[in-house]
>>> print(open('coords_29.pdb').read())   # PDB, C-alpha atoms
ATOM      1  CA  MET A   3      44.575  16.949   3.901
ATOM      2  CA  ALA A   4      45.324  20.638   3.471
ATOM      3  CA  PHE A   5      42.322  22.166   5.136
ATOM      4  CA  ASP A   6      42.378  23.178   8.748
ATOM      5  CA  LEU A   7      40.703  20.547  10.937
ATOM      6  CA  SER A   8      40.429  23.051  13.778
ATOM      7  CA  MET A   9      38.032  25.241  11.802
ATOM      8  CA  PRO A  10      34.523  25.415  13.218
ATOM      9  CA  VAL A  11      31.905  23.568  11.219
ATOM     10  CA  LEU A  12      28.197  24.252  11.332
ATOM     11  CA  VAL A  13      25.803  21.374  10.595
ATOM     12  CA  VAL A  14      22.247  22.426   9.759
ATOM     13  CA  ASP A  15      19.430  19.865   9.784
ATOM     14  CA  ASP A  16      16.024  19.564  11.401
ATOM     15  CA  TYR A  17      16.629  15.869  12.229
ATOM     16  CA  ASN A  18      18.745  15.269  15.314
ATOM     17  CA  THR A  19      19.692  11.838  14.011
ATOM     18  CA  MET A  20      21.198  13.303  10.838
ATOM     19  CA  ILE A  21      23.091  15.920  12.850
ATOM     20  CA  ARG A  22      24.462  13.133  15.033
ATOM     21  CA  ILE A  23      25.507  11.080  12.010
ATOM     22  CA  ILE A  24      27.257  13.983  10.295
ATOM     23  CA  ARG A  25      28.875  15.052  13.569
ATOM     24  CA  ASN A  26      30.278  11.544  14.075
ATOM     25  CA  LEU A  27      31.556  11.395  10.496
ATOM     26  CA  LEU A  28      33.203  14.813  10.852
ATOM     27  CA  LYS A  29      34.866  13.665  14.073
ATOM     28  CA  GLN A  30      36.186  10.615  12.246
ATOM     29  CA  ILE A  31      37.708  12.938   9.650
ATOM     30  CA  GLY A  32      39.281  14.920  12.468
ATOM     31  CA  PHE A  33      37.068  17.945  12.986
ATOM     32  CA  GLN A  34      36.520  18.853  16.626
ATOM     33  CA  ASP A  35      34.662  22.173  16.726
ATOM     34  CA  ILE A  36      31.214  21.231  15.435
ATOM     35  CA  ASP A  37      28.034  23.193  16.072
ATOM     36  CA  ASP A  38      24.523  22.529  14.834
ATOM     37  CA  ALA A  39      21.306  24.350  14.034
ATOM     38  CA  ALA A  40      17.797  23.054  13.327
ATOM     39  CA  ASP A  41      16.970  25.312  10.373
ATOM     40  CA  GLY A  42      18.308  28.084   8.185
ATOM     41  CA  SER A  43      17.295  30.981  10.391
ATOM     42  CA  ALA A  44      18.910  29.453  13.488
ATOM     43  CA  ALA A  45      22.014  28.755  11.398
ATOM     44  CA  LEU A  46      22.157  32.329  10.159
ATOM     45  CA  ALA A  47      21.953  33.621  13.718
ATOM     46  CA  LYS A  48      24.869  31.386  14.708
ATOM     47  CA  MET A  49      26.868  32.429  11.650
ATOM     48  CA  ARG A  50      26.503  36.071  12.618
ATOM     49  CA  GLU A  51      27.994  35.291  16.037
ATOM     50  CA  LYS A  52      30.787  32.907  15.080
ATOM     51  CA  LYS A  53      32.950  32.542  11.998
ATOM     52  CA  TYR A  54      32.538  29.068  10.520
ATOM     53  CA  GLY A  55      34.998  27.529   8.119
ATOM     54  CA  LEU A  56      32.372  25.249   6.624
ATOM     55  CA  VAL A  57      28.587  24.936   6.593
ATOM     56  CA  ILE A  58      26.927  21.580   5.871
ATOM     57  CA  SER A  59      23.212  22.030   5.410
ATOM     58  CA  ASP A  60      20.052  20.098   4.635
ATOM     59  CA  TRP A  61      17.590  21.646   2.151
ATOM     60  CA  ASN A  62      14.071  20.974   3.414
ATOM     61  CA  MET A  63      13.651  22.710   6.779
ATOM     62  CA  GLU A  64      11.210  25.133   8.340
ATOM     63  CA  PRO A  65      10.913  28.026   8.722
ATOM     64  CA  MET A  66      14.019  28.656   6.573
ATOM     65  CA  THR A  67      15.257  26.068   4.084
ATOM     66  CA  GLY A  68      18.900  25.336   3.359
ATOM     67  CA  TYR A  69      18.404  26.865  -0.088
ATOM     68  CA  GLU A  70      17.222  30.133   1.454
ATOM     69  CA  LEU A  71      20.109  29.980   3.941
ATOM     70  CA  LEU A  72      22.568  29.580   1.064
ATOM     71  CA  LYS A  73      21.161  32.618  -0.710
ATOM     72  CA  GLU A  74      21.263  34.669   2.494
ATOM     73  CA  VAL A  75      24.862  33.642   3.140
ATOM     74  CA  ARG A  76      25.977  34.501  -0.403
ATOM     75  CA  SER A  77      24.251  37.889  -0.290
ATOM     76  CA  ASP A  78      25.860  38.902   3.019
ATOM     77  CA  PRO A  79      29.354  40.336   2.409
ATOM     78  CA  SER A  80      30.517  39.176   5.846
ATOM     79  CA  LEU A  81      29.473  35.560   5.149
ATOM     80  CA  SER A  82      29.533  35.239   1.382
ATOM     81  CA  LYS A  83      32.845  33.397   1.149
ATOM     82  CA  THR A  84      31.846  30.653   3.618
ATOM     83  CA  PRO A  85      32.208  27.209   2.026
ATOM     84  CA  PHE A  86      28.742  25.652   1.819
ATOM     85  CA  ILE A  87      27.880  22.005   1.183
ATOM     86  CA  MET A  88      24.267  20.911   0.694
ATOM     87  CA  VAL A  89      23.480  17.432   2.059
ATOM     88  CA  THR A  90      19.915  16.614   1.124
ATOM     89  CA  ALA A  91      17.275  14.176  -0.050
ATOM     90  CA  GLU A  92      16.271  16.725  -2.700
ATOM     91  CA  SER A  93      17.502  14.783  -5.695
ATOM     92  CA  LYS A  94      15.946  16.473  -8.706
ATOM     93  CA  THR A  95      18.091  18.160 -11.334
ATOM     94  CA  GLU A  96      16.381  21.513 -10.804
ATOM     95  CA  ASN A  97      17.481  21.501  -7.156
ATOM     96  CA  VAL A  98      21.121  20.923  -8.055
ATOM     97  CA  ILE A  99      21.027  23.606 -10.741
ATOM     98  CA  ALA A 100      19.363  26.101  -8.407
ATOM     99  CA  ALA A 101      21.901  25.386  -5.675
ATOM    100  CA  LYS A 102      24.755  25.769  -8.128
ATOM    101  CA  LYS A 103      23.335  29.086  -9.312
ATOM    102  CA  ALA A 104      23.001  30.212  -5.707
ATOM    103  CA  GLY A 105      26.679  29.477  -5.133
ATOM    104  CA  VAL A 106      26.824  26.082  -3.395
ATOM    105  CA  ASN A 107      30.313  24.607  -3.222
ATOM    106  CA  ASN A 108      29.204  20.990  -3.256
ATOM    107  CA  TYR A 109      26.027  18.934  -3.192
ATOM    108  CA  ILE A 110      25.558  15.500  -1.618
ATOM    109  CA  VAL A 111      22.366  13.490  -2.112
ATOM    110  CA  LYS A 112      21.077  11.392   0.777
ATOM    111  CA  PRO A 113      21.648   8.611   1.580
ATOM    112  CA  PHE A 114      25.403   9.060   1.500
ATOM    113  CA  ASN A 115      28.406   7.368   3.047
ATOM    114  CA  ALA A 116      31.385   8.600   5.036
ATOM    115  CA  GLN A 117      33.703   8.420   2.048
ATOM    116  CA  THR A 118      31.444  10.648  -0.034
ATOM    117  CA  LEU A 119      31.236  13.258   2.715
ATOM    118  CA  GLN A 120      34.983  13.320   3.139
ATOM    119  CA  SER A 121      35.712  13.485  -0.584
ATOM    120  CA  LYS A 122      33.230  16.316  -1.114
ATOM    121  CA  ILE A 123      34.719  18.301   1.783
ATOM    122  CA  GLU A 124      38.189  17.734   0.350
ATOM    123  CA  ALA A 125      36.963  18.853  -3.079
ATOM    124  CA  VAL A 126      35.642  22.125  -1.625
ATOM    125  CA  PHE A 127      39.073  22.930  -0.217
ATOM    126  CA  GLY A 128      40.800  22.083  -3.454
ATOM    127  CA  GLU A 129      42.188  18.662  -2.565
TER     128      GLU A 129
ATOM    129  CA  MET B  17     -54.793  18.162 -31.720
ATOM    130  CA  ALA B  18     -58.315  18.365 -30.305
ATOM    131  CA  ASP B  19     -57.310  21.589 -28.609
ATOM    132  CA  ASN B  20     -56.053  23.033 -31.865
ATOM    133  CA  LYS B  21     -59.351  22.052 -33.520
ATOM    134  CA  ILE B  22     -61.281  23.803 -30.799
ATOM    135  CA  PHE B  23     -59.247  26.973 -31.313
ATOM    136  CA  GLU B  24     -59.628  26.765 -35.050
ATOM    137  CA  ASP B  25     -63.401  26.366 -34.678
ATOM    138  CA  LEU B  26     -63.443  29.230 -32.269
ATOM    139  CA  VAL B  27     -61.504  31.535 -34.531
ATOM    140  CA  GLU B  28     -63.819  30.613 -37.403
ATOM    141  CA  PHE B  29     -66.845  31.222 -35.217
ATOM    142  CA  LEU B  30     -65.532  34.657 -34.163
ATOM    143  CA  LYS B  31     -64.780  35.560 -37.751
ATOM    144  CA  GLN B  32     -68.344  34.758 -38.655
ATOM    145  CA  LYS B  33     -69.805  36.537 -35.632
ATOM    146  CA  ARG B  34     -67.425  39.492 -35.839
ATOM    147  CA  ASP B  35     -70.071  42.126 -35.477
ATOM    148  CA  ASN B  36     -72.258  40.555 -32.831
ATOM    149  CA  VAL B  37     -70.029  38.812 -30.354
ATOM    150  CA  THR B  38     -71.990  38.393 -27.173
ATOM    151  CA  PHE B  39     -70.896  38.152 -23.573
ATOM    152  CA  ILE B  40     -71.784  34.470 -23.658
ATOM    153  CA  ASP B  41     -69.428  34.019 -26.628
ATOM    154  CA  ILE B  42     -66.628  35.591 -24.629
ATOM    155  CA  ILE B  43     -67.355  33.375 -21.610
ATOM    156  CA  ARG B  44     -67.357  30.362 -23.917
ATOM    157  CA  LEU B  45     -64.065  31.473 -25.409
ATOM    158  CA  ALA B  46     -62.567  31.849 -21.939
ATOM    159  CA  GLU B  47     -63.806  28.351 -20.982
ATOM    160  CA  ILE B  48     -62.310  26.765 -24.040
ATOM    161  CA  ALA B  49     -59.018  28.591 -23.548
ATOM    162  CA  SER B  50     -58.949  27.507 -19.934
ATOM    163  CA  GLN B  51     -59.657  23.843 -20.846
ATOM    164  CA  SER B  52     -56.903  23.902 -23.437
ATOM    165  CA  LEU B  53     -54.427  25.329 -20.950
ATOM    166  CA  GLN B  54     -55.501  22.730 -18.373
ATOM    167  CA  ALA B  55     -54.434  19.998 -20.750
ATOM    168  CA  PHE B  56     -51.134  21.808 -21.191
ATOM    169  CA  PHE B  57     -50.625  22.172 -17.430
ATOM    170  CA  GLN B  58     -51.432  18.510 -16.885
ATOM    171  CA  THR B  59     -48.670  17.587 -19.275
ATOM    172  CA  PHE B  60     -46.403  20.139 -17.648
ATOM    173  CA  ASP B  61     -47.223  18.804 -14.172
ATOM    174  CA  ALA B  62     -46.403  15.259 -15.251
ATOM    175  CA  THR B  63     -43.056  16.355 -16.644
ATOM    176  CA  VAL B  64     -42.172  18.359 -13.548
ATOM    177  CA  TYR B  65     -43.354  15.532 -11.338
ATOM    178  CA  ARG B  66     -41.182  13.044 -13.177
ATOM    179  CA  GLU B  67     -38.122  15.301 -12.899
ATOM    180  CA  LEU B  68     -38.745  15.966  -9.230
ATOM    181  CA  ARG B  69     -39.037  12.210  -8.668
ATOM    182  CA  GLU B  70     -35.704  11.723 -10.421
ATOM    183  CA  ILE B  71     -34.076  14.423  -8.295
ATOM    184  CA  ALA B  72     -35.477  12.828  -5.140
ATOM    185  CA  GLY B  73     -34.139   9.488  -6.271
ATOM    186  CA  TYR B  74     -30.720  10.992  -6.913
ATOM    187  CA  ILE B  75     -30.684  12.657  -3.497
ATOM    188  CA  ASP B  76     -31.660   9.359  -1.918
ATOM    189  CA  ALA B  77     -28.884   7.523  -3.763
ATOM    190  CA  MET B  78     -26.405  10.229  -2.766
ATOM    191  CA  ARG B  79     -27.439   9.854   0.899
ATOM    192  CA  GLN B  80     -26.839   6.131   0.666
ATOM    193  CA  GLU B  81     -23.453   6.613  -0.963
ATOM    194  CA  MET B  82     -22.511   9.141   1.704
ATOM    195  CA  GLY B  83     -23.477   6.575   4.311
ATOM    196  CA  ALA B  84     -21.407   3.933   2.533
ATOM    197  CA  LEU B  85     -18.462   6.348   2.545
ATOM    198  CA  GLN B  86     -18.468   6.039   6.369
ATOM    199  CA  ALA B  87     -16.934   9.493   6.588
ATOM    200  CA  ASN B  88     -17.457   9.759  10.331
ATOM    201  CA  GLU B  89     -15.742   6.438  10.971
ATOM    202  CA  ILE B  90     -12.859   7.480   8.743
ATOM    203  CA  LYS B  91     -12.520  10.888  10.396
ATOM    204  CA  ASN B  92     -13.012   9.835  14.005
ATOM    205  CA  SER B  93     -11.384   6.435  13.996
ATOM    206  CA  ARG B  94      -9.345   5.339  10.950
ATOM    207  CA  ILE B  95      -7.351   8.508  10.369
ATOM    208  CA  PRO B  96      -6.519   9.192  14.031
ATOM    209  CA  ALA B  97      -5.504   5.529  14.443
ATOM    210  CA  ALA B  98      -3.265   5.739  11.374
ATOM    211  CA  GLY B  99      -1.751   8.961  12.690
ATOM    212  CA  GLN B 100      -1.062   7.303  16.016
ATOM    213  CA  GLU B 101       0.609   4.342  14.322
ATOM    214  CA  LEU B 102       2.839   6.709  12.344
ATOM    215  CA  GLY B 103       3.750   8.555  15.526
ATOM    216  CA  GLU B 104       4.715   5.259  17.165
ATOM    217  CA  ILE B 105       6.782   4.339  14.110
ATOM    218  CA  VAL B 106       8.725   7.598  14.329
ATOM    219  CA  LYS B 107       9.330   7.051  18.045
ATOM    220  CA  ALA B 108      10.429   3.466  17.577
ATOM    221  CA  THR B 109      12.820   4.251  14.733
ATOM    222  CA  GLU B 110      14.251   7.189  16.663
ATOM    223  CA  THR B 111      14.823   5.057  19.759
ATOM    224  CA  ALA B 112      16.432   2.280  17.757
ATOM    225  CA  THR B 113      18.609   4.722  15.851
ATOM    226  CA  ASN B 114      19.797   6.401  19.046
ATOM    227  CA  THR B 115      20.580   3.032  20.629
ATOM    228  CA  ILE B 116      22.558   1.901  17.592
ATOM    229  CA  MET B 117      24.415   5.204  17.382
ATOM    230  CA  GLU B 118      25.249   5.142  21.083
ATOM    231  CA  CYS B 119      26.759   1.684  20.631
ATOM    232  CA  ALA B 120      28.759   2.895  17.639
ATOM    233  CA  GLU B 121      29.974   5.997  19.486
ATOM    234  CA  THR B 122      30.943   3.937  22.521
ATOM    235  CA  LEU B 123      32.958   1.539  20.383
ATOM    236  CA  MET B 124      34.588   4.360  18.416
ATOM    237  CA  ALA B 125      35.686   6.048  21.645
ATOM    238  CA  ALA B 126      36.752   2.814  23.385
ATOM    239  CA  ASP B 127      40.360   2.077  24.106
ATOM    240  CA  ALA B 128      41.446  -0.935  22.035
ATOM    241  CA  GLY B 129      44.646  -1.312  24.049
ATOM    242  CA  ASP B 130      43.294  -4.338  25.879
ATOM    243  CA  PRO B 131      42.097  -6.655  23.081
ATOM    244  CA  ALA B 132      40.165  -9.007  25.379
ATOM    245  CA  ALA B 133      38.319  -6.178  27.075
ATOM    246  CA  TYR B 134      37.719  -4.467  23.760
ATOM    247  CA  LYS B 135      36.313  -7.676  22.257
ATOM    248  CA  ALA B 136      34.034  -8.112  25.252
ATOM    249  CA  LEU B 137      32.794  -4.547  24.776
ATOM    250  CA  VAL B 138      32.251  -5.097  21.048
ATOM    251  CA  ASP B 139      30.310  -8.325  21.697
ATOM    252  CA  GLU B 140      28.176  -6.581  24.294
ATOM    253  CA  LYS B 141      27.386  -3.645  22.035
ATOM    254  CA  MET B 142      26.707  -5.852  19.019
ATOM    255  CA  LEU B 143      24.024  -7.663  20.994
ATOM    256  CA  VAL B 144      22.481  -4.353  21.929
ATOM    257  CA  ILE B 145      22.501  -3.386  18.244
ATOM    258  CA  PHE B 146      20.814  -6.658  17.240
ATOM    259  CA  GLU B 147      18.158  -6.119  19.891
ATOM    260  CA  ALA B 148      17.601  -2.557  18.720
ATOM    261  CA  CYS B 149      17.112  -3.774  15.152
ATOM    262  CA  SER B 150      14.005  -5.662  16.246
ATOM    263  CA  PHE B 151      12.170  -2.346  15.840
ATOM    264  CA  GLN B 152      11.845  -3.261  12.171
ATOM    265  CA  ASP B 153       9.453  -6.105  12.908
ATOM    266  CA  ILE B 154       7.070  -3.998  14.953
ATOM    267  CA  THR B 155       7.242  -0.961  12.703
ATOM    268  CA  GLY B 156       6.565  -3.258   9.752
ATOM    269  CA  GLN B 157       3.327  -4.380  11.402
ATOM    270  CA  ARG B 158       2.357  -0.817  12.229
ATOM    271  CA  ILE B 159       3.030   0.259   8.652
ATOM    272  CA  ALA B 160       0.827  -2.595   7.437
ATOM    273  CA  ARG B 161      -2.000  -1.228   9.588
ATOM    274  CA  VAL B 162      -1.524   2.263   8.165
ATOM    275  CA  VAL B 163      -1.563   0.872   4.635
ATOM    276  CA  GLU B 164      -4.767  -1.021   5.442
ATOM    277  CA  ALA B 165      -6.383   2.166   6.700
ATOM    278  CA  LEU B 166      -5.360   4.029   3.559
ATOM    279  CA  GLN B 167      -6.733   1.237   1.373
ATOM    280  CA  HIS B 168     -10.019   1.333   3.280
ATOM    281  CA  ILE B 169     -10.264   5.085   2.725
ATOM    282  CA  GLU B 170      -9.228   4.794  -0.897
ATOM    283  CA  GLU B 171     -11.894   2.170  -1.677
ATOM    284  CA  ARG B 172     -14.651   4.211  -0.139
ATOM    285  CA  VAL B 173     -13.621   7.499  -1.691
ATOM    286  CA  ALA B 174     -13.261   5.849  -5.105
ATOM    287  CA  ARG B 175     -16.723   4.297  -4.838
ATOM    288  CA  PHE B 176     -18.240   7.609  -3.756
ATOM    289  CA  ALA B 177     -16.487   9.562  -6.517
ATOM    290  CA  THR B 178     -17.700   7.061  -9.129
ATOM    291  CA  ALA B 179     -21.286   7.068  -7.840
ATOM    292  CA  MET B 180     -21.397  10.863  -7.715
ATOM    293  CA  GLN B 181     -19.520  11.228 -11.016
ATOM    294  CA  ALA B 182     -17.444  13.675  -9.017
ATOM    295  CA  LYS B 183     -15.378  16.240 -10.835
ATOM    296  CA  ASP B 184     -12.423  17.836  -9.095
ATOM    297  CA  LEU B 185     -12.563  21.566  -8.576
ATOM    298  CA  ASP B 186      -9.418  23.542  -9.234
ATOM    299  CA  GLY B 187      -7.760  25.468  -6.470
ATOM    300  CA  PHE B 188      -7.214  24.954  -2.758
ATOM    301  CA  LEU B 189      -9.563  24.498   0.135
ATOM    302  CA  THR B 190      -7.866  26.976   2.454
ATOM    303  CA  ASP B 191      -5.344  29.807   2.253
ATOM    304  CA  SER B 192      -2.823  27.849   4.297
ATOM    305  CA  GLU B 193      -3.086  24.918   1.871
ATOM    306  CA  ARG B 194      -2.380  27.276  -1.024
ATOM    307  CA  GLU B 195       0.518  28.924   0.836
ATOM    308  CA  ARG B 196       2.120  25.551   1.618
ATOM    309  CA  ASN B 197       1.812  24.530  -1.996
ATOM    310  CA  GLU B 198       3.304  27.803  -3.207
ATOM    311  CA  ARG B 199       6.184  27.426  -0.745
ATOM    312  CA  LYS B 200       6.799  23.862  -1.969
ATOM    313  CA  GLU B 201       6.977  25.025  -5.578
ATOM    314  CA  ARG B 202       8.999  28.174  -4.910
ATOM    315  CA  LEU B 203      11.621  26.349  -2.816
ATOM    316  CA  MET B 204      11.574  23.103  -4.854
ATOM    317  CA  LEU B 205      10.620  20.937  -1.880
ATOM    318  CA  HIS B 206      10.080  17.606  -3.620
ATOM    319  CA  GLY B 207      11.292  15.350  -0.833
ATOM    320  CA  PRO B 208      12.917  11.947  -1.343
ATOM    321  CA  GLN B 209      12.379  10.515  -4.818
ATOM    322  CA  GLU B 210      11.861   6.965  -6.044
ATOM    323  CA  LYS B 211      15.123   5.276  -7.024
ATOM    324  CA  HIS B 212      14.425   5.585 -10.731
ATOM    325  CA  GLU B 213      13.655   9.308 -10.396
ATOM    326  CA  ALA B 214      16.414  10.397  -8.028
ATOM    327  CA  ILE B 215      19.536  11.870  -9.551
ATOM    328  CA  ALA B 216      22.712   9.892  -8.786
ATOM    329  CA  GLN B 217      25.682  11.493  -7.027
ATOM    330  CA  SER B 218      27.745  11.137 -10.200
ATOM    331  CA  GLU B 219      25.151  13.154 -12.134
ATOM    332  CA  VAL B 220      25.154  15.785  -9.379
ATOM    333  CA  ASP B 221      28.923  16.014  -9.686
ATOM    334  CA  SER B 222      28.657  16.440 -13.463
ATOM    335  CA  LEU B 223      26.049  19.170 -13.099
ATOM    336  CA  LEU B 224      28.195  21.049 -10.617
ATOM    337  CA  LYS B 225      31.157  20.816 -12.975
ATOM    338  CA  GLY B 226      29.027  22.345 -15.684
ATOM    339  CA  LYS B 227      28.533  19.214 -17.778
ATOM    340  CA  SER B 228      24.990  18.231 -18.763
ATOM    341  CA  ALA B 229      23.448  15.350 -16.792
ATOM    342  CA  ALA B 230      23.539  11.935 -18.459
TER     343      ALA B 230
END
>>> encode(input="coords_29.pdb", output="structure tokens")
Amino acid sequence: MAFDLSMPVLVVDDYNTMIRIIRNLLKQIGFQDIDDAADGSAALAKMREKKYGLVISDWNMEPMTGYELLKEVRSDPSLSKTPFIMVTAESKTENVIAAKKAGVNNYIVKPFNAQTLQSKIEAVFGE
Amino acid sequence: MADNKIFEDLVEFLKQKRDNVTFIDIIRLAEIASQSLQAFFQTFDATVYRELREIAGYIDAMRQEMGALQANEIKNSRIPAAGQELGEIVKATETATNTIMECAETLMAADAGDPAAYKALVDEKMLVIFEACSFQDITGQRIARVVEALQHIEERVARFATAMQAKDLDGFLTDSERERNERKERLMLHGPQEKHEAIAQSEVDSLLKGKSAA
């Protein structure tokens, strides 16, 4: 794979179990520098302190959803180019369309498997 | 009819006695008018009485239906018990998940250089995983209890709504309820969908590529 496995990745989800699952899958792919946040606002705070090469975020979180996080990221010139993958149980067409409009790079519906996660990450980096 | 006749007679009488109506005539007129109105009020009283009896009966029936609803039992016992069961389910599934994940992480990080030792480790962890999976049995029973509570509530509410011929009011009970609903709609928070409603990953991929969903 062409993308840099040393790049920091931020996983955003309000369920510790899901963070643990995604973290383990990312480690299997080869990523080592993996941080997490429990909602969009915590993620945004971390993104303003550290440059992440990839954000993988859930949608339905409080107080800030992944959708709101995506819009914040895309509207901030210092963060707007950050690759952003939505991993969510929100599986209605309107969600996908809204995320696409907001500038999401890829969208994975839960439940998903390791192969899907890897292929969608590879697709974001042009593999 | 008799009252009308009395009035007709009276009017005729007054016409005839136009020039020499006495005080007695006026008293008589007042008596007759009063008697006629009494008949009217008696009818009126009976009608009002009947309607008040019906209202009392309705209130009585409503009290009985409210009793049958067992709202206090639902509020103080059924719902808290169901909430507790759900809390236990979350705890149990979390514990089981963590146990299973720990086993997986241990095996993923283990050194497979010594096949015999590695096999022993795998066997050990597989047993732990099987044991952890027993959560499903207990959570299944807890879920059954929650479903039973919901059915109990549903039956009683349905009976009450039918008896009262209840009509739903539009709007929300509290501001926070309205705000949560507005947030849900604004941010498209639908939650997990049924299999037949959820969009497949392939359709998501098509949408992202700009093709219309199948």
>>> residues_around(input="coords_29.pdb", residues="Arg50 in chain A", least_positions_apart="4", cutoff="10 Å", atoms="all atoms listed in the file", output="list in words")
Ala45, Leu46, Tyr54, Val75, Ser80 and Leu81 of chain A
>>> residues_around(input="coords_29.pdb", residues="range 172-175 of chain B", least_positions_apart="4", cutoff="9 Å", atoms="all atoms listed in the file", output="list of chain:residue names")
B:Glu81, B:Ala84, B:Leu85, B:Gln86, B:Ala87, B:Gln167, B:His168, B:Ala179, B:Met180
>>> residues_around(input="coords_29.pdb", residues="Lys83 in chain A", least_positions_apart="2", cutoff="12 Å", atoms="all atoms listed in the file", output="PDB file with C-alpha atoms, in the coordinates of the input")
ATOM      1  CA  LYS A  53      32.950  32.542  11.998  1.00  0.00           C
ATOM      2  CA  TYR A  54      32.538  29.068  10.520  1.00  0.00           C
ATOM      3  CA  GLY A  55      34.998  27.529   8.119  1.00  0.00           C
ATOM      4  CA  LEU A  56      32.372  25.249   6.624  1.00  0.00           C
ATOM      5  CA  VAL A  57      28.587  24.936   6.593  1.00  0.00           C
ATOM      6  CA  LEU A  72      22.568  29.580   1.064  1.00  0.00           C
ATOM      7  CA  LYS A  73      21.161  32.618  -0.710  1.00  0.00           C
ATOM      8  CA  GLU A  74      21.263  34.669   2.494  1.00  0.00           C
ATOM      9  CA  VAL A  75      24.862  33.642   3.140  1.00  0.00           C
ATOM     10  CA  ARG A  76      25.977  34.501  -0.403  1.00  0.00           C
ATOM     11  CA  SER A  77      24.251  37.889  -0.290  1.00  0.00           C
ATOM     12  CA  ASP A  78      25.860  38.902   3.019  1.00  0.00           C
ATOM     13  CA  PRO A  79      29.354  40.336   2.409  1.00  0.00           C
ATOM     14  CA  SER A  80      30.517  39.176   5.846  1.00  0.00           C
ATOM     15  CA  LEU A  81      29.473  35.560   5.149  1.00  0.00           C
ATOM     16  CA  PRO A  85      32.208  27.209   2.026  1.00  0.00           C
ATOM     17  CA  PHE A  86      28.742  25.652   1.819  1.00  0.00           C
ATOM     18  CA  GLY A 105      26.679  29.477  -5.133  1.00  0.00           C
ATOM     19  CA  VAL A 106      26.824  26.082  -3.395  1.00  0.00           C
ATOM     20  CA  ASN A 107      30.313  24.607  -3.222  1.00  0.00           C
ATOM     21  CA  VAL A 126      35.642  22.125  -1.625  1.00  0.00           C
TER      22      VAL A 126
END
>>> resolve_selection(input="coords_29.pdb", expression="the PyMOL selection byres ((chain A and resi 94) around 10)", output="PDB file with C-alpha atoms, keeping the file's coordinate frame")
ATOM      1  CA  ALA A  91      17.275  14.176  -0.050  1.00  0.00           C
ATOM      2  CA  GLU A  92      16.271  16.725  -2.700  1.00  0.00           C
ATOM      3  CA  SER A  93      17.502  14.783  -5.695  1.00  0.00           C
ATOM      4  CA  THR A  95      18.091  18.160 -11.334  1.00  0.00           C
ATOM      5  CA  GLU A  96      16.381  21.513 -10.804  1.00  0.00           C
ATOM      6  CA  ASN A  97      17.481  21.501  -7.156  1.00  0.00           C
ATOM      7  CA  VAL A  98      21.121  20.923  -8.055  1.00  0.00           C
ATOM      8  CA  ILE A  99      21.027  23.606 -10.741  1.00  0.00           C
ATOM      9  CA  VAL A 111      22.366  13.490  -2.112  1.00  0.00           C
TER      10      VAL A 111
ATOM     11  CA  MET B 204      11.574  23.103  -4.854  1.00  0.00           C
ATOM     12  CA  LEU B 205      10.620  20.937  -1.880  1.00  0.00           C
ATOM     13  CA  HIS B 206      10.080  17.606  -3.620  1.00  0.00           C
ATOM     14  CA  GLY B 207      11.292  15.350  -0.833  1.00  0.00           C
ATOM     15  CA  PRO B 208      12.917  11.947  -1.343  1.00  0.00           C
ATOM     16  CA  GLN B 209      12.379  10.515  -4.818  1.00  0.00           C
ATOM     17  CA  GLU B 213      13.655   9.308 -10.396  1.00  0.00           C
ATOM     18  CA  ALA B 214      16.414  10.397  -8.028  1.00  0.00           C
ATOM     19  CA  ILE B 215      19.536  11.870  -9.551  1.00  0.00           C
ATOM     20  CA  ALA B 216      22.712   9.892  -8.786  1.00  0.00           C
ATOM     21  CA  VAL B 220      25.154  15.785  -9.379  1.00  0.00           C
TER      22      VAL B 220
END
>>> interface_residues(input="coords_29.pdb", of="chain B", to="chain A", cutoff="12 Å", atoms="all atoms listed in the file", output="PyMOL selection string")
chain B and resi 106+109-118+120-122+124-125+196+199-230
>>> residues_around(input="coords_29.pdb", residues="Phe29 in chain B", least_positions_apart="4", cutoff="12 Å", atoms="only C-alpha atoms", output="JSON, numbers by chain")
{"B": [21, 22, 23, 24, 25, 33, 34, 35, 36, 37, 38, 41, 42, 44, 45]}
>>> resolve_selection(input="coords_29.pdb", expression="the PyMOL selection byres ((chain A and resi 25) around 10)", output="list in words")
Val11, Leu12, Val13, Thr19, Met20, Ile21, Arg22, Ile23, Ile24, Asn26, Leu27, Leu28, Lys29, Gln30, Ile31, Phe33, Gln34, Asp35, Ile36, Asp37 and Asp38 of chain A
>>> atom_distance(input="coords_29.pdb", atom1="CA of Ser52 in chain B", atom2="CA of Val27 in chain B")
14.2 Å
>>> atom_distance(input="coords_29.pdb", atom1="CA of Lys31 in chain B", atom2="CA of Ile48 in chain B")
16.5 Å
>>> resolve_selection(input="coords_29.pdb", expression="the PyMOL selection byres ((chain B and resi 99) around 12)", output="short mmCIF file (atom, residue, chain, number, x, y, z; two decimals) with C-alpha atoms, in the frame of the given file")
data_model
loop_
_atom_site.label_atom_id
_atom_site.label_comp_id
_atom_site.auth_asym_id
_atom_site.auth_seq_id
_atom_site.Cartn_x
_atom_site.Cartn_y
_atom_site.Cartn_z
CA ILE B 90 -12.86 7.48 8.74
CA LYS B 91 -12.52 10.89 10.40
CA ASN B 92 -13.01 9.84 14.00
CA SER B 93 -11.38 6.44 14.00
CA ARG B 94 -9.35 5.34 10.95
CA ILE B 95 -7.35 8.51 10.37
CA PRO B 96 -6.52 9.19 14.03
CA ALA B 97 -5.50 5.53 14.44
CA ALA B 98 -3.26 5.74 11.37
CA GLN B 100 -1.06 7.30 16.02
CA GLU B 101 0.61 4.34 14.32
CA LEU B 102 2.84 6.71 12.34
CA GLY B 103 3.75 8.56 15.53
CA GLU B 104 4.72 5.26 17.16
CA ILE B 105 6.78 4.34 14.11
CA VAL B 106 8.72 7.60 14.33
CA ARG B 158 2.36 -0.82 12.23
CA ILE B 159 3.03 0.26 8.65
CA ARG B 161 -2.00 -1.23 9.59
CA VAL B 162 -1.52 2.26 8.16
CA VAL B 163 -1.56 0.87 4.64
CA ALA B 165 -6.38 2.17 6.70
CA LEU B 166 -5.36 4.03 3.56
#
